[in-house]
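J.: The following file, run-v1.txt, comprises compact mmCIF, C-alpha atoms and all ligand atoms:
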# COMPACT_ATOMS: atom_id res chain seq x y z
CA MET A 1 0.00 0.00 0.00
CA GLY A 2 1.36 3.41 -0.94
CA ALA A 3 0.40 6.96 -0.02
CA LEU A 4 -3.17 7.61 1.05
CA ALA A 5 -5.29 10.60 -0.02
CA LYS A 6 -4.08 14.16 0.74
CA GLY A 7 -0.49 13.05 1.22
CA LEU A 8 -1.27 10.93 4.27
CA LYS A 9 0.98 7.92 4.73
CA PRO A 10 0.39 4.78 6.76
CA GLY A 11 2.21 4.88 10.07
CA LEU A 12 2.44 6.43 13.50
CA TYR A 13 0.12 9.33 14.37
CA ALA A 14 1.73 11.09 17.36
CA ILE A 15 -0.67 12.93 19.68
CA THR A 16 0.56 15.42 22.25
CA ASP A 17 -0.67 15.54 25.82
CA ALA A 18 -0.42 18.28 28.45
CA ARG A 19 0.81 15.80 31.05
CA LEU A 20 3.33 13.81 29.00
CA THR A 21 4.46 16.59 26.68
CA PRO A 22 4.27 19.68 28.91
CA ASP A 23 5.23 23.08 27.59
CA ASP A 24 8.94 22.81 28.43
CA ARG A 25 9.35 19.60 26.41
CA LEU A 26 6.54 19.79 23.88
CA VAL A 27 8.73 20.72 20.93
CA SER A 28 11.62 18.36 21.80
CA CYS A 29 9.21 15.42 22.22
CA VAL A 30 7.48 16.08 18.91
CA GLU A 31 10.83 16.56 17.16
CA ALA A 32 11.93 13.19 18.54
CA ALA A 33 8.75 11.49 17.27
CA LEU A 34 9.34 13.06 13.86
CA ARG A 35 12.96 11.89 13.78
CA GLY A 36 11.64 8.40 14.51
CA GLY A 37 9.36 8.65 11.47
CA ALA A 38 5.92 9.69 12.77
CA VAL A 39 3.79 10.44 9.70
CA LEU A 40 1.17 12.67 11.33
CA VAL A 41 1.08 14.84 14.49
CA GLN A 42 -1.92 16.05 16.48
CA TYR A 43 -1.79 18.93 18.95
CA ARG A 44 -4.20 17.94 21.73
CA ASP A 45 -4.37 20.04 24.89
CA LYS A 46 -7.46 20.30 27.02
CA SER A 47 -6.05 22.52 29.76
CA ALA A 48 -3.91 25.36 28.41
CA SER A 49 -5.28 28.88 27.92
CA ALA A 50 -6.25 30.06 24.44
CA ARG A 51 -3.10 32.17 24.35
CA GLU A 52 -0.85 29.23 25.30
CA ARG A 53 -2.58 26.99 22.81
CA LEU A 54 -1.97 29.54 20.05
CA ARG A 55 1.72 29.76 20.92
CA GLN A 56 2.21 26.00 21.23
CA ALA A 57 0.31 25.22 18.05
CA THR A 58 2.36 27.88 16.21
CA GLU A 59 5.59 26.27 17.42
CA LEU A 60 4.45 22.79 16.45
CA GLN A 61 3.34 23.98 13.04
CA ALA A 62 6.87 25.26 12.37
CA VAL A 63 8.40 21.98 13.53
CA CYS A 64 6.01 19.86 11.47
CA ARG A 65 6.37 22.01 8.37
CA ASN A 66 10.16 21.62 8.58
CA ALA A 67 9.72 17.86 8.77
CA GLY A 68 7.17 17.79 5.94
CA VAL A 69 4.61 16.16 8.23
CA PRO A 70 1.01 17.43 8.54
CA LEU A 71 -0.09 18.92 11.87
CA ILE A 72 -3.68 18.31 12.96
CA ILE A 73 -5.33 20.41 15.68
CA ASN A 74 -7.69 18.62 18.03
CA ASP A 75 -11.18 20.07 18.58
CA ASP A 76 -10.45 23.54 17.18
CA PRO A 77 -10.62 24.24 13.43
CA GLU A 78 -10.27 27.98 14.08
CA LEU A 79 -6.92 27.41 15.79
CA ALA A 80 -5.91 25.21 12.84
CA ARG A 81 -6.74 28.08 10.50
CA ARG A 82 -4.85 30.63 12.57
CA VAL A 83 -1.61 28.64 12.66
CA GLY A 84 -1.86 27.27 9.11
CA ALA A 85 -2.08 23.66 10.27
CA ALA A 86 -2.95 20.90 7.80
CA GLY A 87 -6.29 20.15 9.43
CA ALA A 88 -8.40 19.37 12.47
CA HIS A 89 -9.74 16.38 14.35
CA LEU A 90 -13.35 16.50 15.54
CA GLY A 91 -15.14 14.21 17.95
CA GLN A 92 -18.87 13.66 18.06
CA ARG A 93 -19.38 16.74 20.26
CA ASP A 94 -16.85 19.03 18.63
CA GLY A 95 -18.96 20.71 15.98
CA SER A 96 -19.62 20.14 12.34
CA LEU A 97 -17.20 18.65 9.83
CA ALA A 98 -18.95 20.62 7.09
CA GLU A 99 -18.31 23.91 8.89
CA ALA A 100 -14.69 22.94 9.48
CA ARG A 101 -14.40 22.21 5.76
CA ARG A 102 -15.81 25.62 4.89
CA LEU A 103 -13.36 27.27 7.27
CA LEU A 104 -10.25 25.31 6.28
CA GLY A 105 -10.85 24.59 2.61
CA GLU A 106 -10.82 21.56 0.36
CA ASP A 107 -7.17 20.69 0.93
CA ALA A 108 -7.48 20.45 4.71
CA ILE A 109 -7.30 17.07 6.41
CA LEU A 110 -10.34 16.47 8.62
CA GLY A 111 -10.47 13.53 11.00
CA ALA A 112 -13.53 12.20 12.81
CA THR A 113 -13.97 10.11 15.94
CA CYS A 114 -16.27 7.16 15.23
CA HIS A 115 -15.78 5.09 18.43
CA ALA A 116 -16.78 1.52 17.43
CA ARG A 117 -19.62 2.61 15.16
CA LEU A 118 -19.76 2.19 11.41
CA ASP A 119 -22.92 4.33 11.25
CA LEU A 120 -20.93 7.27 12.62
CA ALA A 121 -18.20 6.49 10.11
CA HIS A 122 -20.70 6.59 7.23
CA GLN A 123 -22.00 9.94 8.47
CA ALA A 124 -18.48 11.29 8.83
CA VAL A 125 -17.64 10.31 5.25
CA ALA A 126 -20.85 11.97 4.02
CA GLN A 127 -19.88 15.13 5.92
CA GLY A 128 -16.39 15.20 4.40
CA ALA A 129 -14.05 13.39 6.80
CA ASP A 130 -10.66 12.47 5.31
CA TYR A 131 -9.80 9.84 7.90
CA LEU A 132 -11.87 7.85 10.38
CA ALA A 133 -10.74 7.14 13.94
CA PHE A 134 -11.92 4.12 15.92
CA GLY A 135 -11.21 3.20 19.52
CA ARG A 136 -10.38 2.67 22.17
CA PHE A 137 -8.72 -0.69 21.60
CA HIS A 138 -6.95 -1.05 24.95
CA ARG A 139 -7.14 0.56 28.37
CA SER A 140 -6.09 4.17 28.10
CA ALA A 141 -4.69 6.26 30.92
CA THR A 142 -5.08 9.33 28.72
CA LYS A 143 -8.82 8.84 28.14
CA PRO A 144 -10.08 6.05 30.40
CA GLU A 145 -13.73 6.92 29.76
CA ALA A 146 -13.54 6.34 26.00
CA PRO A 147 -15.81 3.45 24.96
CA ALA A 148 -14.14 0.20 23.96
CA ALA A 149 -14.00 -0.99 20.36
CA PRO A 150 -13.33 -4.42 18.81
CA ARG A 151 -10.55 -4.84 16.25
CA SER A 152 -13.09 -6.09 13.69
CA VAL A 153 -14.40 -2.52 13.24
CA LEU A 154 -11.07 -1.65 11.59
CA THR A 155 -11.54 -4.39 9.01
CA HIS A 156 -15.15 -3.41 8.29
CA ALA A 157 -14.27 0.28 8.01
CA ARG A 158 -11.82 -0.35 5.19
CA HIS A 159 -14.78 -0.53 2.81
CA LEU A 160 -15.49 3.15 3.42
CA GLY A 161 -12.50 4.21 1.37
CA ARG A 162 -10.90 6.52 3.94
CA PRO A 163 -7.72 5.95 5.94
CA VAL A 164 -8.57 4.02 9.09
CA THR A 165 -7.03 5.18 12.38
CA ALA A 166 -6.87 3.15 15.58
CA ILE A 167 -6.55 4.85 18.96
CA GLY A 168 -6.63 4.05 22.66
CA GLY A 169 -4.01 2.34 24.80
CA ILE A 170 -1.81 1.42 21.86
CA THR A 171 1.75 0.35 22.63
CA LEU A 172 4.49 -1.41 20.72
CA ALA A 173 3.39 -4.63 22.43
CA ASN A 174 -0.20 -4.55 21.16
CA ALA A 175 0.10 -2.62 17.88
CA ARG A 176 0.69 -5.39 15.35
CA PRO A 177 -2.83 -6.97 15.43
CA LEU A 178 -4.35 -3.52 14.84
CA ILE A 179 -2.29 -3.07 11.69
CA GLU A 180 -3.18 -6.59 10.59
CA ALA A 181 -6.87 -5.82 11.18
CA GLY A 182 -6.65 -2.85 8.82
CA ALA A 183 -5.39 0.24 10.63
CA ASP A 184 -3.54 2.63 8.33
CA LEU A 185 -2.61 4.93 11.19
CA LEU A 186 -1.96 4.19 14.86
CA ALA A 187 -2.74 7.22 17.03
CA VAL A 188 -0.66 7.08 20.19
CA VAL A 189 -0.14 9.24 23.28
CA GLY A 190 1.04 7.25 26.30
CA GLY A 191 2.66 4.46 24.32
CA LEU A 192 4.93 7.01 22.66
CA PHE A 193 5.49 10.06 24.82
CA GLY A 194 6.38 8.42 28.13
CA GLY A 195 10.17 8.73 28.07
CA THR A 196 13.16 10.82 27.10
CA PRO A 197 13.49 12.22 23.57
CA GLU A 198 15.90 9.35 22.79
CA GLN A 199 13.31 6.82 23.94
CA ILE A 200 10.53 8.59 22.04
CA GLU A 201 12.57 8.52 18.84
CA ALA A 202 13.35 4.82 19.27
CA THR A 203 9.71 4.00 20.02
CA ALA A 204 8.49 5.94 16.99
CA ARG A 205 11.03 4.11 14.82
CA ALA A 206 9.83 0.77 16.15
CA PHE A 207 6.18 1.67 15.38
CA GLN A 208 7.21 2.61 11.86
CA GLN A 209 9.06 -0.69 11.54
CA LEU A 210 5.81 -2.54 12.22
CA PHE A 211 4.22 -0.77 9.26
CA THR A 212 7.24 -1.47 7.07
CA GLU A 213 6.96 -5.17 7.88
CA HIS A 214 3.26 -5.16 7.03
CA HIS A 215 3.52 -3.00 3.89
CA PRO A 216 7.16 -3.52 2.80
CA SER A 217 7.00 -0.95 0.01
CA CYS A 218 5.18 1.89 1.71
CA LEU A 219 7.49 3.49 4.18
CA SER A 220 10.99 3.50 2.86
CA GLN A 221 10.74 7.11 1.67
CA SER A 222 9.20 8.52 4.83
CA THR A 223 11.54 6.88 7.34
CA GLY A 224 14.73 6.65 5.33
CA ALA A 225 14.73 2.92 6.11
CA GLN A 226 16.32 0.58 3.60
CA PRO A 227 13.89 -1.91 2.03
C1 LIG B 1 -6.95 10.36 15.99
C2 LIG B 1 -7.91 10.68 17.07
N1 LIG B 1 -8.91 9.83 17.31
C3 LIG B 1 -9.80 10.09 18.28
C4 LIG B 1 -9.68 11.23 19.03
C5 LIG B 1 -10.68 11.55 20.11
O1 LIG B 1 -11.47 12.68 19.78
P1 LIG B 1 -12.68 13.08 20.75
O2 LIG B 1 -13.64 11.96 20.80
O3 LIG B 1 -13.20 14.39 20.33
O4 LIG B 1 -11.98 13.22 22.16
P2 LIG B 1 -10.86 14.27 22.61
O5 LIG B 1 -9.57 13.89 21.98
O6 LIG B 1 -11.26 15.64 22.11
O7 LIG B 1 -10.83 14.16 24.08
C6 LIG B 1 -8.62 12.10 18.75
N2 LIG B 1 -8.43 13.24 19.44
N3 LIG B 1 -7.75 11.81 17.76
C1 LIG B 2 -7.84 10.89 22.78
C2 LIG B 2 -8.37 9.52 22.77
N1 LIG B 2 -9.50 9.18 22.07
C3 LIG B 2 -9.82 7.90 22.22
C4 LIG B 2 -10.99 7.28 21.60
O1 LIG B 2 -11.23 6.07 21.81
O2 LIG B 2 -11.68 7.98 20.86
S1 LIG B 2 -8.72 7.06 23.19
C5 LIG B 2 -7.81 8.45 23.42
C6 LIG B 2 -6.56 8.48 24.24
C7 LIG B 2 -5.35 8.03 23.46
O3 LIG B 2 -4.26 8.07 24.32
P1 LIG B 2 -3.40 6.79 24.71
O4 LIG B 2 -2.62 6.41 23.51
O5 LIG B 2 -2.50 7.28 25.82
O6 LIG B 2 -4.35 5.74 25.18
MG MG B 3 -12.60 16.22 20.71
As structure tokens, please, write out the structure in this file.

T.:
Amino acid sequence: MGALAKGLKPGLYAITDARLTPDDRLVSCVEAALRGGAVLVQYRDKSASARERLRQATELQAVCRNAGVPLIINDDPELARRVGAAGAHLGQRDGSLAEARRLLGEDAILGATCHARLDLAHQAVAQGADYLAFGRFHRSATKPEAPAAPRSVLTHARHLGRPVTAIGGITLANARPLIEAGADLLAVVGGLFGGTPEQIEATARAFQQLFTEHHPSCLSQSTGAQP
């Protein structure tokens, strides 16, 4: 499998977190994930002020642009517009995908949370989502209240013709069956951003290696890995 629509590539989707990637290490942690080959980054912060969020998102946009990797802003299409990010991720209570599309334009990447529900995925596609996120697949310290999802939803969702993202409690130890079930992207917070920048880089590289093993032709350009 090669590149997906809108320049998306199969691989690790690194999601920031106010606890694990606090302000003083946000940029170094994301840079480490990018060095390890993360193919997509999401800025997700539920606690910072609007002013802090603008500054942090601006910094991450510069880092991601340098790396040639799209930055997605969680919950907030207006912030995505202000910092020139590639797109936004919206959950079921985060407002309309159609309005986000109007605000950000046709080229923007819009992601939608679908939990374990294919009906929500169908709706999201009809409303213009570019990728579909399902989860949670394992216990998540980041979002323990997220409803559980079976791996089979990843396989079924492939028929919808949008990149399929898995999220929730994903680690190197449990990632492979999710890729085998059909995940194009693995969205990870705790299973990536727990350690030092060196550890984050190594973990990101190991996630990417799982994709390379599953799709031997698809990642050599993005990671620099030899086939
Ligand atoms: C890639 C990805 N998938 C799912 C989510 C969760 O979105 P949402 O349900 O809106 O919950 P919050 O992240 O806003 O707490 C996500 N952010 N990213
Ligand atoms: C933000 C989020 N959304 C989820 C969902 O199921 O929709 S699970 C989740 C948390 C992901 O963090 P971690 O990798 O640490 O479990
Ligand atoms: Mg949300």

J.: If we count all atoms listed in the file and set the cut-off at 10 Å, which residues sit around Arg151 (chain A), ignoring sequence neighbours fewer than 2 positions away in its own chain? Please answer as an NGL selection string.

T.: :A and (116 or 134-137 or 148-149 or 153-156 or 166 or 177-183)

J.: Which residues are close to Arg81 (chain A), i.e. within 12 Å by all atoms listed in the file, leaving aside same-chain residues fewer than 6 positions away? Reply as an MDAnalysis selection string.

T.: chainID A and resid 54 57:58 61 71:73 87:88 100:105 108:109

J.: Counting all atoms listed in the file, name the residues that have an atom within 9 Å of an atom of ligand MG 3 (chain B); the answer should be given as a list in words.

T.: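 Written in the requested form, the residues are Arg44, Asn74, Asp75, Asp76, His89, Leu90, Gly91, Gln92, Arg93, Asp94, Ala112 and Thr113 of chain A.
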
J.: Which of these, A:Ala202, A:Leu118, A:Ala80, A:Ile15, has the shortest distance to Gly37 (chain A) once you count only C-alpha atoms?

T.: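 Closest candidate: A:Ala202.
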
J.: Find, counting all atoms listed in the file, the residue in A:Ala126, A:Leu192, A:Leu132, A:Ala62 that gets nearest to Leu20 (chain A).

T.: A:Leu192

J.: Wanna dump the chain A-ligand LIG 2 (chain B) contacts at 6 Å for me, each residue with its shortest atom pair and the distance in Å to one decimal, counting all atoms listed in the file, ordered by chain and number, as JSON lines?

T.:
{"residue": "A:Thr113", "atom": "CA", "partner": "B:LIG2", "partner_atom": "O2", "distance": 5.8}
{"residue": "A:His115", "atom": "CA", "partner": "B:LIG2", "partner_atom": "O2", "distance": 5.6}
{"residue": "A:Gly135", "atom": "CA", "partner": "B:LIG2", "partner_atom": "O1", "distance": 3.7}
{"residue": "A:Arg136", "atom": "CA", "partner": "B:LIG2", "partner_atom": "O1", "distance": 3.5}
{"residue": "A:Ser140", "atom": "CA", "partner": "B:LIG2", "partner_atom": "O6", "distance": 3.7}
{"residue": "A:Ala141", "atom": "CA", "partner": "B:LIG2", "partner_atom": "O5", "distance": 5.6}
{"residue": "A:Thr142", "atom": "CA", "partner": "B:LIG2", "partner_atom": "O5", "distance": 4.4}
{"residue": "A:Lys143", "atom": "CA", "partner": "B:LIG2", "partner_atom": "C6", "distance": 4.5}
{"residue": "A:Ala146", "atom": "CA", "partner": "B:LIG2", "partner_atom": "O1", "distance": 4.8}
{"residue": "A:Ile167", "atom": "CA", "partner": "B:LIG2", "partner_atom": "S1", "distance": 5.2}
{"residue": "A:Gly168", "atom": "CA", "partner": "B:LIG2", "partner_atom": "S1", "distance": 3.7}
{"residue": "A:Gly169", "atom": "CA", "partner": "B:LIG2", "partner_atom": "O6", "distance": 3.4}
{"residue": "A:Ile170", "atom": "CA", "partner": "B:LIG2", "partner_atom": "O4", "distance": 5.3}
{"residue": "A:Val188", "atom": "CA", "partner": "B:LIG2", "partner_atom": "O4", "distance": 3.9}
{"residue": "A:Val189", "atom": "CA", "partner": "B:LIG2", "partner_atom": "O4", "distance": 3.8}
{"residue": "A:Gly190", "atom": "CA", "partner": "B:LIG2", "partner_atom": "O5", "distance": 3.6}
{"residue": "A:Gly191", "atom": "CA", "partner": "B:LIG2", "partner_atom": "O4", "distance": 5.7}

J.: From the list A:Pro163, A:Pro22, A:Gly36, A:Gly128, which residue is nearest ligand LIG 1 (chain B) when using only C-alpha atoms and all ligand atoms?

T.: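 For ligand LIG 1 (chain B), the nearest of the candidates is A:Pro163.
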
J.: Env of Asn66 (chain A): 12 Å cut, atoms = only C-alpha atoms, seq-sep filter 6 positions within chain, self excluded. Answer as a PDB file with C-alpha atoms, in the frame of the given file.

T.:
ATOM      1  CA  GLU A  31      10.830  16.560  17.160  1.00  0.00           C
ATOM      2  CA  LEU A  34       9.340  13.060  13.860  1.00  0.00           C
ATOM      3  CA  ARG A  35      12.960  11.890  13.780  1.00  0.00           C
ATOM      4  CA  GLU A  59       5.590  26.270  17.420  1.00  0.00           C
ATOM      5  CA  LEU A  60       4.450  22.790  16.450  1.00  0.00           C
TER       6      LEU A  60
END

J.: Quick one: residues within 8 Å of (6.3, 16.9, 9.4) (file frame), counting only C-alpha atoms, please, as a ChimeraX atom specification.

T.: /A:34,38-41,63-71

J.: In Å to one decimal, how far is CA of Gly95 (chain A) from atom C2 of ligand LIG 1 (chain B)?

T.: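 Between atom C2 of ligand LIG 1 (chain B) and CA of Gly95 (chain A) the gap is 15.0 Å.
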
J.: Restricting the calculation to only C-alpha atoms and all ligand atoms, which member of A:Thr16, A:Gln56, A:Gln123, A:Thr165 is positioned closest to ligand LIG 1 (chain B)?

T.: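 Using only C-alpha atoms and all ligand atoms, the shortest distance to ligand LIG 1 (chain B) belongs to A:Thr165.
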
J.: Which one of A:Ala129, A:Ala18, A:Val30, A:Leu97 sits closest to Ala5 (chain A) if you count only C-alpha atoms?

T.: A:Ala129

J.: Ranking A:Cys29, A:Ala50, A:Ala86, A:Leu110 by minimum distance to ligand LIG 1 (chain B) and counting only C-alpha atoms and all ligand atoms, which one comes first?

T.: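 Looking only at the distances to ligand LIG 1 (chain B), the closest residue turns out to be A:Leu110.
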
J.: Enter the distance from CA of Thr171 (chain A) to CA of Ala14 (chain A), in Å, rounded to one decimal.

T.: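 Going from CA of Thr171 (chain A) over to CA of Ala14 (chain A) covers 12.0 Å.
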
J.: Do you have the CA of Asp119 (chain A)-atom C2 of ligand LIG 1 (chain B) distance handy?

T.: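 Rounded to one decimal, the two atoms are 17.3 Å apart.
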